[in-house]
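Shown here: input_8.txt, compact mmCIF, C-alpha atoms.
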# COMPACT_ATOMS: atom_id res chain seq x y z
CA PRO A 1 23.52 30.32 30.08
CA ALA A 2 25.40 27.17 29.07
CA LEU A 3 28.60 27.56 27.09
CA ALA A 4 28.70 26.04 23.63
CA THR A 5 31.30 23.54 24.80
CA GLU A 6 29.01 22.24 27.53
CA ILE A 7 26.59 19.36 27.17
CA THR A 8 23.62 18.76 29.46
CA VAL A 9 22.43 15.33 30.56
CA THR A 10 18.61 15.45 30.22
CA ALA A 11 17.81 11.78 30.93
CA SER A 12 19.69 8.73 32.12
CA ALA A 13 18.73 5.12 32.80
CA GLY A 14 20.53 1.88 33.58
CA GLN A 15 24.30 1.52 33.33
CA VAL A 16 25.88 4.71 31.98
CA THR A 17 29.55 5.60 32.33
CA ILE A 18 30.67 9.15 31.55
CA VAL A 19 34.36 10.06 31.37
CA GLU A 20 34.99 13.81 31.40
CA HIS A 21 38.57 15.03 30.98
CA GLY A 22 39.76 11.53 31.83
CA HIS A 23 37.74 11.26 35.05
CA THR A 24 34.55 9.28 35.60
CA VAL A 25 31.60 11.47 36.61
CA ALA A 26 28.03 10.69 37.64
CA ALA A 27 25.43 10.43 34.86
CA ALA A 28 23.03 12.63 36.83
CA VAL A 29 20.14 14.40 35.12
CA GLY A 30 21.02 18.08 34.86
CA ALA A 31 24.77 17.45 34.92
CA MET A 32 26.80 19.85 32.76
CA LEU A 33 29.63 18.15 30.89
CA THR A 34 32.58 19.91 29.25
CA LEU A 35 34.62 18.44 26.41
CA PRO A 36 36.34 16.09 25.92
CA VAL A 37 33.74 13.52 26.95
CA GLU A 38 33.35 9.78 26.43
CA ILE A 39 30.09 7.94 27.09
CA HIS A 40 29.56 4.19 27.44
CA THR A 41 26.21 2.49 28.05
CA GLY A 42 25.56 -1.05 29.24
CA ALA A 43 22.95 -3.53 28.05
CA ASP A 44 20.25 -1.70 30.05
CA GLY A 45 21.72 1.80 29.70
CA SER A 46 20.65 4.90 27.80
CA VAL A 47 21.30 8.63 28.10
CA ASP A 48 19.90 11.78 26.48
CA LEU A 49 22.14 14.79 25.83
CA LEU A 50 21.39 18.41 24.88
CA GLN A 51 23.74 21.00 23.38
CA LEU A 52 22.50 24.32 21.98
CA GLY A 53 19.24 22.84 20.71
CA SER A 54 20.79 19.65 19.32
CA LYS A 55 19.74 16.40 21.01
CA LEU A 56 21.22 12.92 21.17
CA HIS A 57 19.70 9.70 22.47
CA VAL A 58 22.43 7.12 23.14
CA GLY A 59 20.99 3.61 23.26
CA PRO A 60 22.20 0.39 24.97
CA ASN A 61 25.69 -1.06 24.45
CA SER A 62 26.88 2.14 22.80
CA THR A 63 30.09 4.17 22.90
CA ILE A 64 30.54 7.74 21.71
CA ALA A 65 33.31 10.29 22.18
CA MET A 66 33.23 14.06 21.75
CA PRO A 67 36.73 15.54 21.47
CA ASP A 68 37.63 19.05 22.56
CA ALA A 69 35.88 21.52 20.24
CA GLY A 70 38.60 24.16 20.60
CA PRO A 71 38.26 27.56 22.28
CA GLN A 72 35.58 28.03 24.90
CA GLY A 73 32.33 28.88 23.19
CA SER A 74 32.95 26.60 20.20
CA ILE A 75 30.10 24.44 18.99
CA ILE A 76 30.64 20.67 18.88
CA ASP A 77 31.90 19.77 15.41
CA LYS A 78 32.81 16.10 15.77
CA ILE A 79 31.34 12.98 17.39
CA LYS A 80 33.01 9.58 17.20
CA GLN A 81 30.60 6.65 17.51
CA SER A 82 32.47 3.37 17.81
CA ALA A 83 29.63 1.09 18.89
CA GLY A 84 25.89 0.85 19.39
CA TYR A 85 22.94 2.99 18.42
CA VAL A 86 22.43 6.76 18.58
CA LEU A 87 19.49 8.91 17.49
CA TYR A 88 20.69 12.37 16.39
CA ASN A 89 18.44 15.44 16.19
CA ILE A 90 20.84 18.18 15.08
CA LYS A 91 19.78 21.81 15.00
CA SER A 92 20.50 23.63 11.74
CA ARG A 93 24.11 24.82 11.51
CA LYS A 94 24.83 26.61 8.25
CA THR A 95 28.46 27.58 8.77
CA GLN A 96 29.90 24.74 10.84
CA PRO A 97 28.79 21.20 9.95
CA LEU A 98 28.94 18.34 12.43
CA SER A 99 30.92 15.25 11.49
CA VAL A 100 29.76 11.94 12.95
CA GLU A 101 32.52 9.37 12.46
CA THR A 102 32.19 5.59 12.76
CA PRO A 103 34.80 2.98 11.80
CA TYR A 104 32.85 2.24 8.60
CA LEU A 105 30.84 5.39 7.74
CA VAL A 106 31.22 9.16 8.08
CA ALA A 107 28.19 11.47 8.10
CA VAL A 108 28.49 15.24 7.64
CA VAL A 109 25.54 17.08 9.15
CA LYS A 110 24.19 20.61 8.74
CA GLY A 111 20.95 19.99 10.59
CA THR A 112 18.84 16.87 10.41
CA VAL A 113 17.31 13.86 12.21
CA PHE A 114 18.94 10.49 11.68
CA THR A 115 20.15 7.31 13.36
CA ILE A 116 23.50 5.55 13.25
CA ALA A 117 24.03 1.98 14.36
CA VAL A 118 27.49 0.43 14.60
CA GLU A 119 28.03 -3.32 14.83
CA GLU A 120 31.04 -5.53 14.30
CA HIS A 121 32.53 -4.80 10.85
CA ALA A 122 29.57 -2.68 9.66
CA ALA A 123 27.59 0.51 10.23
CA GLN A 124 24.18 1.73 9.14
CA VAL A 125 22.73 5.21 8.84
CA ALA A 126 19.02 5.94 8.31
CA LEU A 127 17.77 9.46 7.55
CA MET A 128 14.39 10.86 8.59
CA GLU A 129 14.73 14.61 7.97
CA GLY A 130 17.18 16.88 6.11
CA SER A 131 20.16 15.52 4.18
CA LEU A 132 23.45 13.78 4.97
CA ASP A 133 26.74 13.63 3.11
CA ILE A 134 27.94 10.04 3.57
CA SER A 135 31.43 8.68 2.93
CA ALA A 136 33.38 5.64 4.07
CA PRO A 137 37.04 4.74 4.63
CA GLY A 138 38.59 3.32 1.48
CA VAL A 139 35.64 4.43 -0.70
CA THR A 140 36.09 7.38 -3.06
CA GLN A 141 32.33 7.75 -3.54
CA HIS A 142 30.28 10.34 -1.60
CA VAL A 143 26.50 9.93 -1.29
CA LEU A 144 23.98 12.64 -0.43
CA LEU A 145 21.37 10.78 1.57
CA LYS A 146 17.74 11.94 1.37
CA PRO A 147 14.86 11.43 3.82
CA ASN A 148 13.62 7.81 4.09
CA GLU A 149 16.88 6.50 2.68
CA SER A 150 19.52 4.42 4.43
CA ILE A 151 22.97 3.00 3.84
CA ARG A 152 24.52 -0.05 5.47
CA HIS A 153 28.23 -0.31 4.76
CA VAL A 154 30.28 -3.40 5.60
CA ASP A 155 34.01 -3.07 6.12
CA GLY A 156 35.76 -3.70 2.80
CA ASP A 157 32.78 -2.95 0.54
CA PRO A 158 34.03 -0.92 -2.48
CA GLU A 159 30.94 1.29 -2.75
CA LEU A 160 28.01 2.80 -0.85
CA ALA A 161 24.58 1.39 -1.73
CA VAL A 162 21.50 3.47 -0.91
CA GLN A 163 18.37 1.67 0.21
CA THR A 164 15.01 3.37 -0.20
CA SER A 165 13.06 0.92 1.95
CA ALA A 166 13.90 2.80 5.16
CA SER A 167 10.54 4.56 5.07
CA LYS A 168 8.77 1.19 5.33
CA ALA A 169 11.21 -0.09 7.93
CA MET A 170 10.65 2.95 10.10
CA GLN A 171 6.88 2.62 9.80
CA PRO A 172 6.05 -1.01 10.58
CA HIS A 173 2.43 -0.19 11.29
CA GLY A 174 1.94 2.43 8.57
CA GLU A 175 3.42 5.32 10.55
CA LEU A 176 5.28 6.13 13.70
CA ARG A 177 3.16 6.85 16.74
CA SER A 178 2.02 10.46 16.91
CA ASP A 179 4.11 11.14 20.01
CA SER A 180 7.19 9.76 18.24
CA THR A 181 6.59 11.87 15.13
CA ALA A 182 6.30 14.99 17.27
CA ALA A 183 9.43 14.07 19.16
CA LEU A 184 11.44 13.85 15.96
CA SER A 185 10.85 17.54 15.26
CA ASP A 186 10.92 18.75 18.86
CA PRO A 187 11.78 16.05 21.42
CA THR A 188 11.62 18.34 24.44
CA GLN A 189 9.37 16.23 26.64
CA SER A 190 11.05 13.86 29.06
CA GLY A 191 11.60 10.43 27.54
CA GLN A 192 10.44 11.39 24.05
CA MET A 193 13.85 10.70 22.47
CA ALA A 194 13.69 7.22 23.97
CA VAL A 195 10.20 6.75 22.50
CA VAL A 196 11.51 7.54 19.02
CA ALA A 197 14.55 5.33 19.47
CA LYS A 198 12.39 2.39 20.57
CA ASP A 199 10.07 2.82 17.58
CA LEU A 200 13.00 2.84 15.17
CA ALA A 201 14.68 -0.10 16.86
CA ASP A 202 11.47 -2.12 16.82
CA ALA A 203 11.24 -1.37 13.09
CA GLY A 204 14.62 -2.95 12.53
CA VAL A 205 16.45 0.25 11.52
CA ALA A 206 19.25 -0.16 14.08
CA VAL A 207 21.54 -3.14 13.98
CA ALA A 208 23.59 -2.40 17.08
CA THR A 209 24.25 -5.09 19.63
CA GLY A 210 21.69 -3.80 22.08
CA HIS A 211 18.99 -3.96 19.46
CA GLN A 212 20.08 -7.38 18.32
CA ILE A 213 19.40 -8.47 21.88
CA GLU A 214 15.97 -6.87 21.70
CA ALA A 215 15.31 -8.60 18.35
CA ALA A 216 16.32 -11.92 19.88
CA LYS A 217 13.85 -11.36 22.71
CA GLN A 218 11.10 -10.56 20.23
CA SER A 219 12.01 -13.67 18.21
CA ALA A 220 11.87 -15.81 21.33
CA SER A 221 8.51 -14.27 22.19
CA GLY A 222 7.26 -15.04 18.69
CA ARG A 223 8.40 -18.65 18.94
CA SER A 224 6.64 -18.94 22.29
CA GLU A 225 3.41 -17.62 20.82
CA GLU A 226 3.75 -20.00 17.85
CA HIS A 227 4.29 -22.92 20.20
CA THR A 228 1.22 -21.92 22.21
CA SER A 229 -0.82 -21.77 19.02
CA GLU A 230 0.35 -25.25 18.00
CA LEU A 231 -0.61 -26.63 21.40
CA GLN A 232 -4.03 -25.02 21.12
CA SER A 233 -4.54 -26.50 17.64
CA HIS A 234 -3.55 -29.94 18.90
CA HIS A 235 -5.95 -29.58 21.80
CA ASP A 236 -8.78 -28.57 19.43
CA LEU A 237 -8.17 -31.77 17.45
Final structure tokens representation of the file:
Amino acid sequence: PALATEITVTASAGQVTIVEHGHTVAAAVGAMLTLPVEIHTGADGSVDLLQLGSKLHVGPNSTIAMPDAGPQGSIIDKIKQSAGYVLYNIKSRKTQPLSVETPYLVAVVKGTVFTIAVEEHAAQVALMEGSLDISAPGVTQHVLLKPNESIRHVDGDPELAVQTSASKAMQPHGELRSDSTAALSDPTQSGQMAVVAKDLADAGVAVATGHQIEAAKQSASGRSEEHTSELQSHHDL
């Protein structure tokens, strides 16, 4: 059986760089990684990770680091996300919360499903299941985030503002696809974490660089369709 300090790569695509104990290792499916670990993805990169029932989907243009958790057999208790987009599905942990730290937000997790997106000078967290204790550097306020709520905090903002429109943002067509909804609660099938991440990104929940690129592509596609429509209307005249 895997040790608690080991992480398993369950899926990998595109440009993925994994640094384990200061050495670059292959991002091969089935690879067992031991802390400390740093992961960087390129514009076309993504990787899925599994650790004692908790799952992470790291999207494009993202950087996360998992420091040494202490003695062998310790559960991961801290993840540092400095850039990009990550979908977290964290198994319930009653006695040892997980802290996800970004430059602009800190989330304390006891078991939940949520996303964090980090961009230049800001970070956003959106919660789907469970609850999250949210804080930010330089802000004395703590916020307990509930399902279908989100917070986007810009560097220098004096407070944390909760937005309740996340439920609509995550459901652009009324609801997530059935396979995505199932994956949120038990994303064990290959590629399911990526399905959920794509749905959320398409809904505009993530604001990371990789998803800004995707939004730009969609915008360009929309302008192309609009131009085609105008040409058709002119032709009809």
>> I'd like to know which of A:Asp48, A:Asp155, A:Glu101, A:Glu20 is closest to Asp133 (chain A), using all atoms listed in the file.
In response: A:Glu101
>> At a cut-off of 7 Å, using only C-alpha atoms, what residues contact region 137-148 of chain A? Leave out same-chain residues fewer than 2 positions from it and give the result as a PyMOL selection string.
In response: chain A and resi 104-105+127-135+150+158-159+164+166-167
>> Could you tell me how far CA of Ile18 (chain A) sits from CA of Ala65 (chain A), in Å to one decimal place?
In response: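 These two atoms are separated by 9.8 Å.
Here CA of Gln15 (chain A) and CA of Tyr85 (chain A) stand 15.0 Å from one another.
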>> Counting all atoms listed in the file, find residues at most 10 Å from (23.7, 4.5, 31.0) (file frame) and give them as a ChimeraX atom specification.
In response: /A:11-18,27,39-48,58-62
>> Restricting the calculation to only C-alpha atoms: of A:Thr63, A:Gln163, A:Thr5, A:Ser99, which residue gets closest to Ala117 (chain A)?
In response: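 Of A:Thr63, A:Gln163, A:Thr5, A:Ser99, the one nearest Ala117 (chain A) is A:Thr63, counting only C-alpha atoms.
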>> Just the number, please: distance in Å from CA of Val125 (chain A) to CA of Thr34 (chain A), one decimal.
In response: 27.0 Å
> From the set A:Ser54, A:His23, A:His121, A:Gly156, which residue has the shortest atom-to-atom contact distance to Glu6 (chain A), counting all atoms listed in the file?
Replying inline: A:Ser54
> Which residue, A:Val154, A:Val25, A:Val118, A:Leu98, has the smallest gap to Ala83 (chain A) when you use all atoms listed in the file?
Replying inline: A:Val118
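With only C-alpha atoms as the basis for measurement, A:Lys110 is the residue among A:His21, A:Lys110, A:Lys78, A:Arg152 that approaches Lys91 (chain A) most closely.
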> Nearest to Phe114 (chain A): which of A:Leu35, A:Ala161, A:Ile151, A:Ala136 is it, counting all atoms listed in the file?
Replying inline: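 Nearest to Phe114 (chain A): A:Ile151.
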> Counting only C-alpha atoms, what is within 8 Å of Leu87 (chain A), bar same-chain residues fewer than 5 positions away, as a list in words?
Replying inline: Leu56, His57, Val58, Gly59, Val113, Phe114, Thr115, Ile116, Met193 and Ala197 of chain A
>> So that I can see what lies close to region 30-33 of chain A, please list as a ChimeraX atom specification the residues with an atom at most 6 Å from it, counting all atoms listed in the file and leaving out residues fewer than 3 positions away in the same chain.
In response: /A:6-10
Can you spit out the residues from that selection as a PDB file, keeping the file's coordinate frame, using C-alpha atoms?
ATOM      1  CA  GLU A   6      29.010  22.240  27.530  1.00  0.00           C
ATOM      2  CA  ILE A   7      26.590  19.360  27.170  1.00  0.00           C
ATOM      3  CA  THR A   8      23.620  18.760  29.460  1.00  0.00           C
ATOM      4  CA  VAL A   9      22.430  15.330  30.560  1.00  0.00           C
ATOM      5  CA  THR A  10      18.610  15.450  30.220  1.00  0.00           C
TER       6      THR A  10
END
Kindly output region 124-135 of chain A as a PDB file, in the frame of the given file, after building all heavy atoms.
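Dumped everything to rebuild.pdb:
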ATOM      1  N   GLN A 124      25.362   1.357   9.904  1.00  0.00           N
ATOM      2  CA  GLN A 124      24.180   1.730   9.140  1.00  0.00           C
ATOM      3  C   GLN A 124      23.698   3.093   9.558  1.00  0.00           C
ATOM      4  O   GLN A 124      23.676   3.420  10.752  1.00  0.00           O
ATOM      5  CB  GLN A 124      23.058   0.703   9.349  1.00  0.00           C
ATOM      6  CG  GLN A 124      21.755   1.074   8.621  1.00  0.00           C
ATOM      7  CD  GLN A 124      20.781  -0.071   8.564  1.00  0.00           C
ATOM      8  OE1 GLN A 124      21.128  -1.164   8.121  1.00  0.00           O
ATOM      9  NE2 GLN A 124      19.562   0.147   9.008  1.00  0.00           N
ATOM     10  N   VAL A 125      23.312   3.904   8.575  1.00  0.00           N
ATOM     11  CA  VAL A 125      22.730   5.210   8.840  1.00  0.00           C
ATOM     12  C   VAL A 125      21.371   5.274   8.154  1.00  0.00           C
ATOM     13  O   VAL A 125      21.215   4.830   7.019  1.00  0.00           O
ATOM     14  CB  VAL A 125      23.648   6.360   8.356  1.00  0.00           C
ATOM     15  CG1 VAL A 125      23.974   6.217   6.887  1.00  0.00           C
ATOM     16  CG2 VAL A 125      23.024   7.724   8.642  1.00  0.00           C
ATOM     17  N   ALA A 126      20.366   5.783   8.861  1.00  0.00           N
ATOM     18  CA  ALA A 126      19.020   5.940   8.310  1.00  0.00           C
ATOM     19  C   ALA A 126      18.582   7.378   8.542  1.00  0.00           C
ATOM     20  O   ALA A 126      18.694   7.905   9.661  1.00  0.00           O
ATOM     21  CB  ALA A 126      18.047   4.978   8.978  1.00  0.00           C
ATOM     22  N   LEU A 127      18.103   8.036   7.508  1.00  0.00           N
ATOM     23  CA  LEU A 127      17.770   9.460   7.550  1.00  0.00           C
ATOM     24  C   LEU A 127      16.264   9.665   7.576  1.00  0.00           C
ATOM     25  O   LEU A 127      15.530   9.057   6.791  1.00  0.00           O
ATOM     26  CB  LEU A 127      18.377  10.177   6.340  1.00  0.00           C
ATOM     27  CG  LEU A 127      18.101  11.674   6.234  1.00  0.00           C
ATOM     28  CD1 LEU A 127      18.736  12.431   7.390  1.00  0.00           C
ATOM     29  CD2 LEU A 127      18.619  12.211   4.896  1.00  0.00           C
ATOM     30  N   MET A 128      15.807  10.529   8.483  1.00  0.00           N
ATOM     31  CA  MET A 128      14.390  10.860   8.590  1.00  0.00           C
ATOM     32  C   MET A 128      14.077  12.268   8.081  1.00  0.00           C
ATOM     33  O   MET A 128      13.065  12.483   7.433  1.00  0.00           O
ATOM     34  CB  MET A 128      13.928  10.724  10.036  1.00  0.00           C
ATOM     35  CG  MET A 128      13.702   9.282  10.456  1.00  0.00           C
ATOM     36  SD  MET A 128      14.292   8.953  12.126  1.00  0.00           S
ATOM     37  CE  MET A 128      16.018   8.636  11.802  1.00  0.00           C
ATOM     38  N   GLU A 129      14.949  13.228   8.403  1.00  0.00           N
ATOM     39  CA  GLU A 129      14.730  14.610   7.970  1.00  0.00           C
ATOM     40  C   GLU A 129      16.054  15.213   7.517  1.00  0.00           C
ATOM     41  O   GLU A 129      17.122  14.845   8.014  1.00  0.00           O
ATOM     42  CB  GLU A 129      14.163  15.465   9.119  1.00  0.00           C
ATOM     43  CG  GLU A 129      12.778  15.065   9.584  1.00  0.00           C
ATOM     44  CD  GLU A 129      12.285  15.955  10.708  1.00  0.00           C
ATOM     45  OE1 GLU A 129      12.965  16.952  11.022  1.00  0.00           O
ATOM     46  OE2 GLU A 129      11.227  15.647  11.276  1.00  0.00           O
ATOM     47  N   GLY A 130      15.990  16.166   6.556  1.00  0.00           N
ATOM     48  CA  GLY A 130      17.180  16.880   6.110  1.00  0.00           C
ATOM     49  C   GLY A 130      17.963  16.093   5.087  1.00  0.00           C
ATOM     50  O   GLY A 130      17.414  15.357   4.276  1.00  0.00           O
ATOM     51  N   SER A 131      19.289  16.233   5.104  1.00  0.00           N
ATOM     52  CA  SER A 131      20.160  15.520   4.180  1.00  0.00           C
ATOM     53  C   SER A 131      21.477  15.221   4.886  1.00  0.00           C
ATOM     54  O   SER A 131      21.851  15.883   5.849  1.00  0.00           O
ATOM     55  CB  SER A 131      20.412  16.336   2.910  1.00  0.00           C
ATOM     56  OG  SER A 131      21.073  17.548   3.225  1.00  0.00           O
ATOM     57  N   LEU A 132      22.176  14.201   4.387  1.00  0.00           N
ATOM     58  CA  LEU A 132      23.450  13.780   4.970  1.00  0.00           C
ATOM     59  C   LEU A 132      24.441  13.487   3.856  1.00  0.00           C
ATOM     60  O   LEU A 132      24.103  12.814   2.878  1.00  0.00           O
ATOM     61  CB  LEU A 132      23.284  12.511   5.814  1.00  0.00           C
ATOM     62  CG  LEU A 132      22.666  12.624   7.202  1.00  0.00           C
ATOM     63  CD1 LEU A 132      22.484  11.227   7.786  1.00  0.00           C
ATOM     64  CD2 LEU A 132      23.536  13.472   8.110  1.00  0.00           C
ATOM     65  N   ASP A 133      25.660  13.975   4.016  1.00  0.00           N
ATOM     66  CA  ASP A 133      26.740  13.630   3.110  1.00  0.00           C
ATOM     67  C   ASP A 133      27.469  12.430   3.722  1.00  0.00           C
ATOM     68  O   ASP A 133      28.064  12.523   4.789  1.00  0.00           O
ATOM     69  CB  ASP A 133      27.702  14.827   2.974  1.00  0.00           C
ATOM     70  CG  ASP A 133      28.856  14.539   2.022  1.00  0.00           C
ATOM     71  OD1 ASP A 133      28.888  13.434   1.444  1.00  0.00           O
ATOM     72  OD2 ASP A 133      29.719  15.414   1.867  1.00  0.00           O
ATOM     73  N   ILE A 134      27.401  11.281   3.035  1.00  0.00           N
ATOM     74  CA  ILE A 134      27.940  10.040   3.570  1.00  0.00           C
ATOM     75  C   ILE A 134      29.182   9.626   2.790  1.00  0.00           C
ATOM     76  O   ILE A 134      29.188   9.633   1.553  1.00  0.00           O
ATOM     77  CB  ILE A 134      26.899   8.898   3.493  1.00  0.00           C
ATOM     78  CG1 ILE A 134      25.601   9.308   4.208  1.00  0.00           C
ATOM     79  CG2 ILE A 134      27.469   7.615   4.089  1.00  0.00           C
ATOM     80  CD1 ILE A 134      25.759   9.566   5.681  1.00  0.00           C
ATOM     81  N   SER A 135      30.223   9.250   3.527  1.00  0.00           N
ATOM     82  CA  SER A 135      31.430   8.680   2.930  1.00  0.00           C
ATOM     83  C   SER A 135      31.869   7.515   3.789  1.00  0.00           C
ATOM     84  O   SER A 135      31.301   7.259   4.851  1.00  0.00           O
ATOM     85  CB  SER A 135      32.537   9.735   2.824  1.00  0.00           C
ATOM     86  OG  SER A 135      32.883  10.232   4.116  1.00  0.00           O
TER      87      SER A 135
END
